[in-house]
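The structure appears right after this line, and notes come after that.
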Amino acid sequence: MPPVRLFILVPECDAEGESPWDWVQNTQPWTEQNDAQWNGSGRLGATWLPSKLRIIHRERSGDFYDFSTHPIVSPHAWDVLQGVVGESVEALPVHIVNGGPLLLLNVLDRVPLASGSETSCRGMKGLATLIHRFVFREKDLCGKAIFRVTGDGVSYDHCVVAELFKKSVLAGGLIGADFIEIDWHPDPLAEYEGGAPVSTE
């Protein structure tokens, strides 16, 4: 079986590395309560306090407005992707002060880095925010269309998606996103326990 293809979800940029797409900016001051929402690992719907965001208009409006651990997308994007991500993503409303509507995607699936991964720290918190070598256990990828990367001392600010997710974005005509393929490595010490990765069909 060929290896699973994985991609980092990023904004589409021009040849100079600039993104022409609209994006969103948080308008609320930091509070411990709001911050706790972003750092949780489970469903948030029961206690969710919609964030107040402002669209920063640029050259073009797309279907993706934020590419962090909590992507923000158009309702059309959610209509296209909901059948692909299933119960692994919770779509939550956000309050757009100058437009909308938009949805925040609470990505529930996590995949830990395996032994042999290489990371480095950037910033003041001492957490690994850069990953130079991705190593995963193949069984951890089974059935996952989109996930967040975890690990001891790791704080990675991007979502990783499978090829099925990418194909669905392209087939659905969604615009504003790009995909950087990861040259990841299977953990040679992990014993494959069965189960099939997300189909690319």
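Each chain of the structure tokens is named A, B, ... in the order shown, its residues numbered from 1; ligands are numbered from 1 in display order.
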
Using DSSP on the backbone, list every residue of range 9-182 of chain A that comes out as strand (DSSP E), and give them as a ChimeraX atom specification. /A:9-11,23-26,52-56,64-66,72-73,89-96,102-107,110-112,118-121,128-133,135-136,146-150,159-162,177-181

Nearest residue to Ser88 in chain A from the set A:Phe147, A:Trp23, A:Trp30, A:Phe64 (distances using only C-alpha atoms): A:Phe147

Provide the CA of Leu189 in chain A to CA of Arg148 in chain A distance in Å, to one decimal place. 22.1 Å

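Closest approach to Val80 in chain A among A:Leu9, A:Ala177, A:Val169, A:Ile182 is made by A:Val169 (distances from only C-alpha atoms).
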
Alpha helix (DSSP H) per DSSP on the backbone: members of range 49-185 of chain A, as an mmCIF file with all heavy atoms, in the first residue's frame:
```
data_model
loop_
_atom_site.group_PDB
_atom_site.id
_atom_site.type_symbol
_atom_site.label_atom_id
_atom_site.label_comp_id
_atom_site.auth_asym_id
_atom_site.auth_seq_id
_atom_site.Cartn_x
_atom_site.Cartn_y
_atom_site.Cartn_z
ATOM 1 N N PRO A 75 -19.654 29.253 4.993
ATOM 2 C CA PRO A 75 -20.651 28.184 5.081
ATOM 3 C C PRO A 75 -20.597 27.236 3.887
ATOM 4 O O PRO A 75 -20.835 26.029 4.033
ATOM 5 C CB PRO A 75 -21.979 28.949 5.141
ATOM 6 C CG PRO A 75 -21.628 30.267 5.748
ATOM 7 C CD PRO A 75 -20.251 30.589 5.188
ATOM 8 N N HIS A 76 -20.268 27.763 2.710
ATOM 9 C CA HIS A 76 -20.150 26.900 1.529
ATOM 10 C C HIS A 76 -19.029 25.877 1.709
ATOM 11 O O HIS A 76 -19.181 24.709 1.342
ATOM 12 C CB HIS A 76 -19.902 27.745 0.283
ATOM 13 C CG HIS A 76 -19.632 26.943 -0.952
ATOM 14 N ND1 HIS A 76 -20.501 25.973 -1.422
ATOM 15 C CD2 HIS A 76 -18.570 26.942 -1.827
ATOM 16 C CE1 HIS A 76 -19.999 25.422 -2.519
ATOM 17 N NE2 HIS A 76 -18.833 25.984 -2.770
ATOM 18 N N ALA A 77 -17.912 26.314 2.278
ATOM 19 C CA ALA A 77 -16.807 25.378 2.525
ATOM 20 C C ALA A 77 -17.239 24.271 3.470
ATOM 21 O O ALA A 77 -16.913 23.101 3.271
ATOM 22 C CB ALA A 77 -15.602 26.128 3.084
ATOM 23 N N TRP A 78 -17.984 24.632 4.507
ATOM 24 C CA TRP A 78 -18.455 23.616 5.445
ATOM 25 C C TRP A 78 -19.407 22.638 4.773
ATOM 26 O O TRP A 78 -19.362 21.432 5.025
ATOM 27 C CB TRP A 78 -19.110 24.275 6.646
ATOM 28 C CG TRP A 78 -19.654 23.309 7.647
ATOM 29 C CD1 TRP A 78 -20.944 23.206 8.080
ATOM 30 C CD2 TRP A 78 -18.936 22.292 8.367
ATOM 31 N NE1 TRP A 78 -21.078 22.197 9.008
ATOM 32 C CE2 TRP A 78 -19.854 21.620 9.208
ATOM 33 C CE3 TRP A 78 -17.602 21.885 8.369
ATOM 34 C CZ2 TRP A 78 -19.480 20.575 10.039
ATOM 35 C CZ3 TRP A 78 -17.225 20.830 9.197
ATOM 36 C CH2 TRP A 78 -18.160 20.194 10.025
ATOM 37 N N ASP A 79 -20.262 23.132 3.886
ATOM 38 C CA ASP A 79 -21.167 22.247 3.148
ATOM 39 C C ASP A 79 -20.378 21.214 2.347
ATOM 40 O O ASP A 79 -20.761 20.041 2.267
ATOM 41 C CB ASP A 79 -22.050 23.062 2.201
ATOM 42 C CG ASP A 79 -23.111 23.874 2.928
ATOM 43 O OD1 ASP A 79 -23.396 23.564 4.093
ATOM 44 O OD2 ASP A 79 -23.639 24.821 2.321
ATOM 45 N N VAL A 80 -19.261 21.637 1.757
ATOM 46 C CA VAL A 80 -18.437 20.745 0.945
ATOM 47 C C VAL A 80 -17.680 19.748 1.810
ATOM 48 O O VAL A 80 -17.566 18.559 1.480
ATOM 49 C CB VAL A 80 -17.449 21.566 0.086
ATOM 50 C CG1 VAL A 80 -16.420 20.657 -0.591
ATOM 51 C CG2 VAL A 80 -18.208 22.382 -0.961
ATOM 52 N N LEU A 81 -17.168 20.211 2.950
ATOM 53 C CA LEU A 81 -16.231 19.404 3.736
ATOM 54 C C LEU A 81 -16.891 18.563 4.821
ATOM 55 O O LEU A 81 -16.283 17.616 5.326
ATOM 56 C CB LEU A 81 -15.181 20.322 4.378
ATOM 57 C CG LEU A 81 -14.278 21.070 3.400
ATOM 58 C CD1 LEU A 81 -13.441 22.097 4.143
ATOM 59 C CD2 LEU A 81 -13.387 20.088 2.644
ATOM 60 N N GLN A 82 -18.109 18.878 5.182
ATOM 61 C CA GLN A 82 -18.742 18.193 6.297
ATOM 62 C C GLN A 82 -18.799 16.683 6.107
ATOM 63 O O GLN A 82 -18.549 15.911 7.035
ATOM 64 C CB GLN A 82 -20.149 18.756 6.521
ATOM 65 C CG GLN A 82 -20.833 18.215 7.766
ATOM 66 C CD GLN A 82 -22.152 18.911 8.028
ATOM 67 O OE1 GLN A 82 -22.615 19.704 7.223
ATOM 68 N NE2 GLN A 82 -22.761 18.628 9.170
ATOM 69 N N GLY A 83 -19.108 16.246 4.891
ATOM 70 C CA GLY A 83 -19.175 14.815 4.633
ATOM 71 C C GLY A 83 -17.821 14.135 4.668
ATOM 72 O O GLY A 83 -17.736 12.917 4.854
ATOM 73 N N VAL A 84 -16.756 14.906 4.493
ATOM 74 C CA VAL A 84 -15.398 14.344 4.500
ATOM 75 C C VAL A 84 -14.868 14.219 5.925
ATOM 76 O O VAL A 84 -14.277 13.207 6.294
ATOM 77 C CB VAL A 84 -14.446 15.238 3.666
ATOM 78 C CG1 VAL A 84 -13.015 14.720 3.734
ATOM 79 C CG2 VAL A 84 -14.927 15.309 2.233
ATOM 80 N N VAL A 85 -15.072 15.255 6.733
ATOM 81 C CA VAL A 85 -14.493 15.270 8.079
ATOM 82 C C VAL A 85 -15.385 14.584 9.104
ATOM 83 O O VAL A 85 -14.914 14.170 10.170
ATOM 84 C CB VAL A 85 -14.186 16.713 8.518
ATOM 85 C CG1 VAL A 85 -13.206 17.360 7.553
ATOM 86 C CG2 VAL A 85 -15.464 17.559 8.601
ATOM 87 N N GLU A 138 1.697 4.820 11.714
ATOM 88 C CA GLU A 138 0.711 4.697 10.641
ATOM 89 C C GLU A 138 -0.693 4.446 11.191
ATOM 90 O O GLU A 138 -1.679 4.960 10.646
ATOM 91 C CB GLU A 138 1.130 3.588 9.675
ATOM 92 C CG GLU A 138 2.368 3.956 8.842
ATOM 93 C CD GLU A 138 2.755 2.846 7.885
ATOM 94 O OE1 GLU A 138 3.307 1.846 8.372
ATOM 95 O OE2 GLU A 138 2.491 2.989 6.679
ATOM 96 N N LYS A 139 -0.787 3.675 12.271
ATOM 97 C CA LYS A 139 -2.110 3.380 12.835
ATOM 98 C C LYS A 139 -2.784 4.645 13.358
ATOM 99 O O LYS A 139 -4.020 4.727 13.400
ATOM 100 C CB LYS A 139 -1.996 2.342 13.951
ATOM 101 C CG LYS A 139 -1.270 2.804 15.196
ATOM 102 C CD LYS A 139 -1.183 1.709 16.234
ATOM 103 C CE LYS A 139 -0.472 2.174 17.498
ATOM 104 N NZ LYS A 139 -1.256 3.226 18.200
ATOM 105 N N ASP A 140 -2.009 5.648 13.755
ATOM 106 C CA ASP A 140 -2.586 6.886 14.277
ATOM 107 C C ASP A 140 -3.225 7.731 13.180
ATOM 108 O O ASP A 140 -4.016 8.638 13.480
ATOM 109 C CB ASP A 140 -1.519 7.715 14.984
ATOM 110 C CG ASP A 140 -1.052 7.090 16.283
ATOM 111 O OD1 ASP A 140 -1.808 6.266 16.846
ATOM 112 O OD2 ASP A 140 0.064 7.411 16.731
ATOM 113 N N LEU A 141 -2.885 7.465 11.920
ATOM 114 C CA LEU A 141 -3.420 8.240 10.800
ATOM 115 C C LEU A 141 -4.707 7.655 10.243
ATOM 116 O O LEU A 141 -5.387 8.304 9.436
ATOM 117 C CB LEU A 141 -2.383 8.317 9.677
ATOM 118 C CG LEU A 141 -1.035 8.942 10.037
ATOM 119 C CD1 LEU A 141 -0.070 8.814 8.859
ATOM 120 C CD2 LEU A 141 -1.203 10.408 10.436
ATOM 121 N N GLU A 163 -5.096 13.464 1.798
ATOM 122 C CA GLU A 163 -5.329 13.746 0.386
ATOM 123 C C GLU A 163 -6.813 13.851 0.064
ATOM 124 O O GLU A 163 -7.219 14.632 -0.809
ATOM 125 C CB GLU A 163 -4.670 12.677 -0.479
ATOM 126 C CG GLU A 163 -4.657 13.017 -1.958
ATOM 127 C CD GLU A 163 -3.809 12.060 -2.765
ATOM 128 O OE1 GLU A 163 -3.476 10.964 -2.257
ATOM 129 O OE2 GLU A 163 -3.471 12.402 -3.912
ATOM 130 N N LEU A 164 -7.642 13.090 0.761
ATOM 131 C CA LEU A 164 -9.084 13.163 0.523
ATOM 132 C C LEU A 164 -9.616 14.565 0.805
ATOM 133 O O LEU A 164 -10.479 15.076 0.084
ATOM 134 C CB LEU A 164 -9.804 12.136 1.396
ATOM 135 C CG LEU A 164 -11.334 12.129 1.310
ATOM 136 C CD1 LEU A 164 -11.799 11.816 -0.111
ATOM 137 C CD2 LEU A 164 -11.927 11.132 2.303
ATOM 138 N N PHE A 165 -9.126 15.203 1.840
ATOM 139 C CA PHE A 165 -9.538 16.569 2.169
ATOM 140 C C PHE A 165 -9.135 17.509 1.037
ATOM 141 O O PHE A 165 -9.943 18.331 0.572
ATOM 142 C CB PHE A 165 -8.880 16.991 3.479
ATOM 143 C CG PHE A 165 -9.313 18.332 4.001
ATOM 144 C CD1 PHE A 165 -10.247 18.414 5.021
ATOM 145 C CD2 PHE A 165 -8.775 19.511 3.496
ATOM 146 C CE1 PHE A 165 -10.647 19.653 5.517
ATOM 147 C CE2 PHE A 165 -9.163 20.752 3.976
ATOM 148 C CZ PHE A 165 -10.110 20.819 4.997
ATOM 149 N N LYS A 166 -7.894 17.406 0.586
ATOM 150 C CA LYS A 166 -7.428 18.255 -0.510
ATOM 151 C C LYS A 166 -8.272 18.058 -1.766
ATOM 152 O O LYS A 166 -8.690 19.036 -2.407
ATOM 153 C CB LYS A 166 -5.957 17.950 -0.824
ATOM 154 C CG LYS A 166 -5.411 18.723 -2.020
ATOM 155 C CD LYS A 166 -3.980 18.315 -2.344
ATOM 156 C CE LYS A 166 -3.489 19.032 -3.600
ATOM 157 N NZ LYS A 166 -2.105 18.647 -3.947
ATOM 158 N N LYS A 167 -8.533 16.810 -2.116
ATOM 159 C CA LYS A 167 -9.325 16.535 -3.314
ATOM 160 C C LYS A 167 -10.738 17.107 -3.189
ATOM 161 O O LYS A 167 -11.311 17.592 -4.170
ATOM 162 C CB LYS A 167 -9.377 15.028 -3.577
ATOM 163 C CG LYS A 167 -8.077 14.452 -4.098
ATOM 164 C CD LYS A 167 -8.238 12.971 -4.441
ATOM 165 C CE LYS A 167 -6.982 12.416 -5.091
ATOM 166 N NZ LYS A 167 -7.133 10.988 -5.474
ATOM 167 N N SER A 168 -11.297 17.069 -1.998
ATOM 168 C CA SER A 168 -12.637 17.597 -1.794
ATOM 169 C C SER A 168 -12.662 19.113 -1.947
ATOM 170 O O SER A 168 -13.611 19.676 -2.500
ATOM 171 C CB SER A 168 -13.152 17.200 -0.405
ATOM 172 O OG SER A 168 -13.252 15.796 -0.293
ATOM 173 N N VAL A 169 -11.636 19.792 -1.462
ATOM 174 C CA VAL A 169 -11.531 21.242 -1.629
ATOM 175 C C VAL A 169 -11.477 21.600 -3.111
ATOM 176 O O VAL A 169 -12.190 22.496 -3.581
ATOM 177 C CB VAL A 169 -10.292 21.783 -0.898
ATOM 178 C CG1 VAL A 169 -9.989 23.227 -1.315
ATOM 179 C CG2 VAL A 169 -10.474 21.693 0.614
ATOM 180 N N LEU A 170 -10.646 20.886 -3.863
ATOM 181 C CA LEU A 170 -10.490 21.186 -5.285
ATOM 182 C C LEU A 170 -11.751 20.830 -6.066
ATOM 183 O O LEU A 170 -12.214 21.606 -6.912
ATOM 184 C CB LEU A 170 -9.281 20.430 -5.846
ATOM 185 C CG LEU A 170 -7.923 20.783 -5.202
ATOM 186 C CD1 LEU A 170 -6.814 19.943 -5.810
ATOM 187 C CD2 LEU A 170 -7.620 22.263 -5.357
ATOM 188 N N ALA A 171 -12.317 19.662 -5.777
ATOM 189 C CA ALA A 171 -13.521 19.233 -6.498
ATOM 190 C C ALA A 171 -14.713 20.131 -6.186
ATOM 191 O O ALA A 171 -15.588 20.343 -7.039
ATOM 192 C CB ALA A 171 -13.849 17.782 -6.158
#
```

Within 10 Å of range 47-56 of chain A, counting only C-alpha atoms, which residues show up once you throw out same-chain ones fewer than 5 positions away? Write them as a list in words, please. Trp21, Asp22, Trp23, Val24, Gln25, Asn26, Thr27, Gln28, Gln33, Asn34, Gln37, Ser61, Tyr65, Leu92, Pro93, Val94, His95, Ile96, Val97, Asn98, Gly99, Gly100, Leu102, Leu103 and Leu104 of chain A

Restricting the output to N, CA and C atoms, write the selected residues as a CSV table (one decimal), in the first residue's frame.
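The result, stored in result18.csv:
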```
chain,number,residue,atom,x,y,z
A,21,TRP,N,-5.8,37.0,-0.3
A,21,TRP,CA,-7.1,36.7,0.2
A,21,TRP,C,-7.5,37.4,1.5
A,22,ASP,N,-8.8,37.7,1.6
A,22,ASP,CA,-9.3,38.3,2.9
A,22,ASP,C,-9.0,37.4,4.0
A,23,TRP,N,-8.8,37.9,5.2
A,23,TRP,CA,-8.6,37.2,6.4
A,23,TRP,C,-9.3,37.8,7.6
A,24,VAL,N,-9.3,37.2,8.8
A,24,VAL,CA,-10.0,37.7,9.9
A,24,VAL,C,-9.1,38.1,11.0
A,25,GLN,N,-9.5,39.1,11.8
A,25,GLN,CA,-8.7,39.6,12.9
A,25,GLN,C,-9.6,39.6,14.2
A,26,ASN,N,-9.1,39.1,15.3
A,26,ASN,CA,-9.8,39.1,16.5
A,26,ASN,C,-10.0,40.6,17.0
A,27,THR,N,-11.2,41.0,17.4
A,27,THR,CA,-11.4,42.3,17.9
A,27,THR,C,-11.5,42.4,19.4
A,28,GLN,N,-11.5,41.2,20.1
A,28,GLN,CA,-11.7,41.2,21.5
A,28,GLN,C,-10.4,41.2,22.3
A,33,GLN,N,-11.0,33.4,30.1
A,33,GLN,CA,-12.1,32.6,29.6
A,33,GLN,C,-12.1,32.4,28.1
A,34,ASN,N,-11.8,33.4,27.3
A,34,ASN,CA,-11.7,33.3,25.9
A,34,ASN,C,-10.5,32.4,25.5
A,37,GLN,N,-11.0,28.6,25.7
A,37,GLN,CA,-11.8,28.0,24.6
A,37,GLN,C,-10.9,27.5,23.5
A,61,SER,N,-11.9,37.6,-2.1
A,61,SER,CA,-12.6,36.9,-1.0
A,61,SER,C,-12.7,35.4,-1.3
A,65,TYR,N,-10.6,31.7,5.8
A,65,TYR,CA,-10.2,33.0,6.3
A,65,TYR,C,-9.1,32.9,7.4
A,92,LEU,N,-18.5,25.8,14.5
A,92,LEU,CA,-19.0,26.8,15.5
A,92,LEU,C,-19.2,28.2,14.9
A,93,PRO,N,-20.2,28.9,15.3
A,93,PRO,CA,-20.4,30.2,14.7
A,93,PRO,C,-19.5,31.2,15.3
A,94,VAL,N,-19.1,32.2,14.5
A,94,VAL,CA,-18.3,33.4,15.0
A,94,VAL,C,-19.1,34.6,14.6
A,95,HIS,N,-18.9,35.7,15.4
A,95,HIS,CA,-19.6,36.9,15.1
A,95,HIS,C,-18.6,37.8,14.3
A,96,ILE,N,-19.1,38.1,13.1
A,96,ILE,CA,-18.3,38.9,12.2
A,96,ILE,C,-18.9,40.3,12.3
A,97,VAL,N,-18.1,41.3,12.7
A,97,VAL,CA,-18.6,42.6,13.0
A,97,VAL,C,-18.8,43.4,11.7
A,98,ASN,N,-18.2,43.0,10.6
A,98,ASN,CA,-18.4,43.7,9.3
A,98,ASN,C,-18.7,42.8,8.2
A,99,GLY,N,-19.5,41.7,8.4
A,99,GLY,CA,-19.9,40.8,7.3
A,99,GLY,C,-20.3,39.5,7.9
A,100,GLY,N,-19.9,38.5,7.1
A,100,GLY,CA,-20.2,37.1,7.5
A,100,GLY,C,-21.4,36.5,6.7
A,102,LEU,N,-19.5,33.4,9.0
A,102,LEU,CA,-18.4,32.4,8.9
A,102,LEU,C,-18.4,31.4,10.0
A,103,LEU,N,-17.7,30.3,9.9
A,103,LEU,CA,-17.7,29.3,10.9
A,103,LEU,C,-16.3,28.9,11.3
A,104,LEU,N,-16.1,28.7,12.5
A,104,LEU,CA,-14.8,28.2,13.1
A,104,LEU,C,-14.8,26.7,13.2
```

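The nearest approach to Pro71 in chain A among the residues A:Ile8, A:Cys142, A:Cys121, A:Ala128, with only C-alpha atoms taken into account, belongs to A:Ile8.
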
Any idea what's packed within 10 Å of Pro3 in chain A, counting only C-alpha atoms, ignoring anything in its chain fewer than 6 positions away? Could you give it as an MDAnalysis selection string? chainID A and resid 138 184:186 197

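Nearest residue to Arg58 in chain A among A:Ser19, A:Thr129, A:Ala114, A:Thr150 is A:Ser19, counting only C-alpha atoms.
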
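Closest approach to Ile180 in chain A among A:Arg5, A:Val10, A:Asp63, A:Gly86 is made by A:Val10 (distances from only C-alpha atoms).
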
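Take CA of Leu108 in chain A and CA of Val154 in chain A: the distance between them is 16.6 Å.
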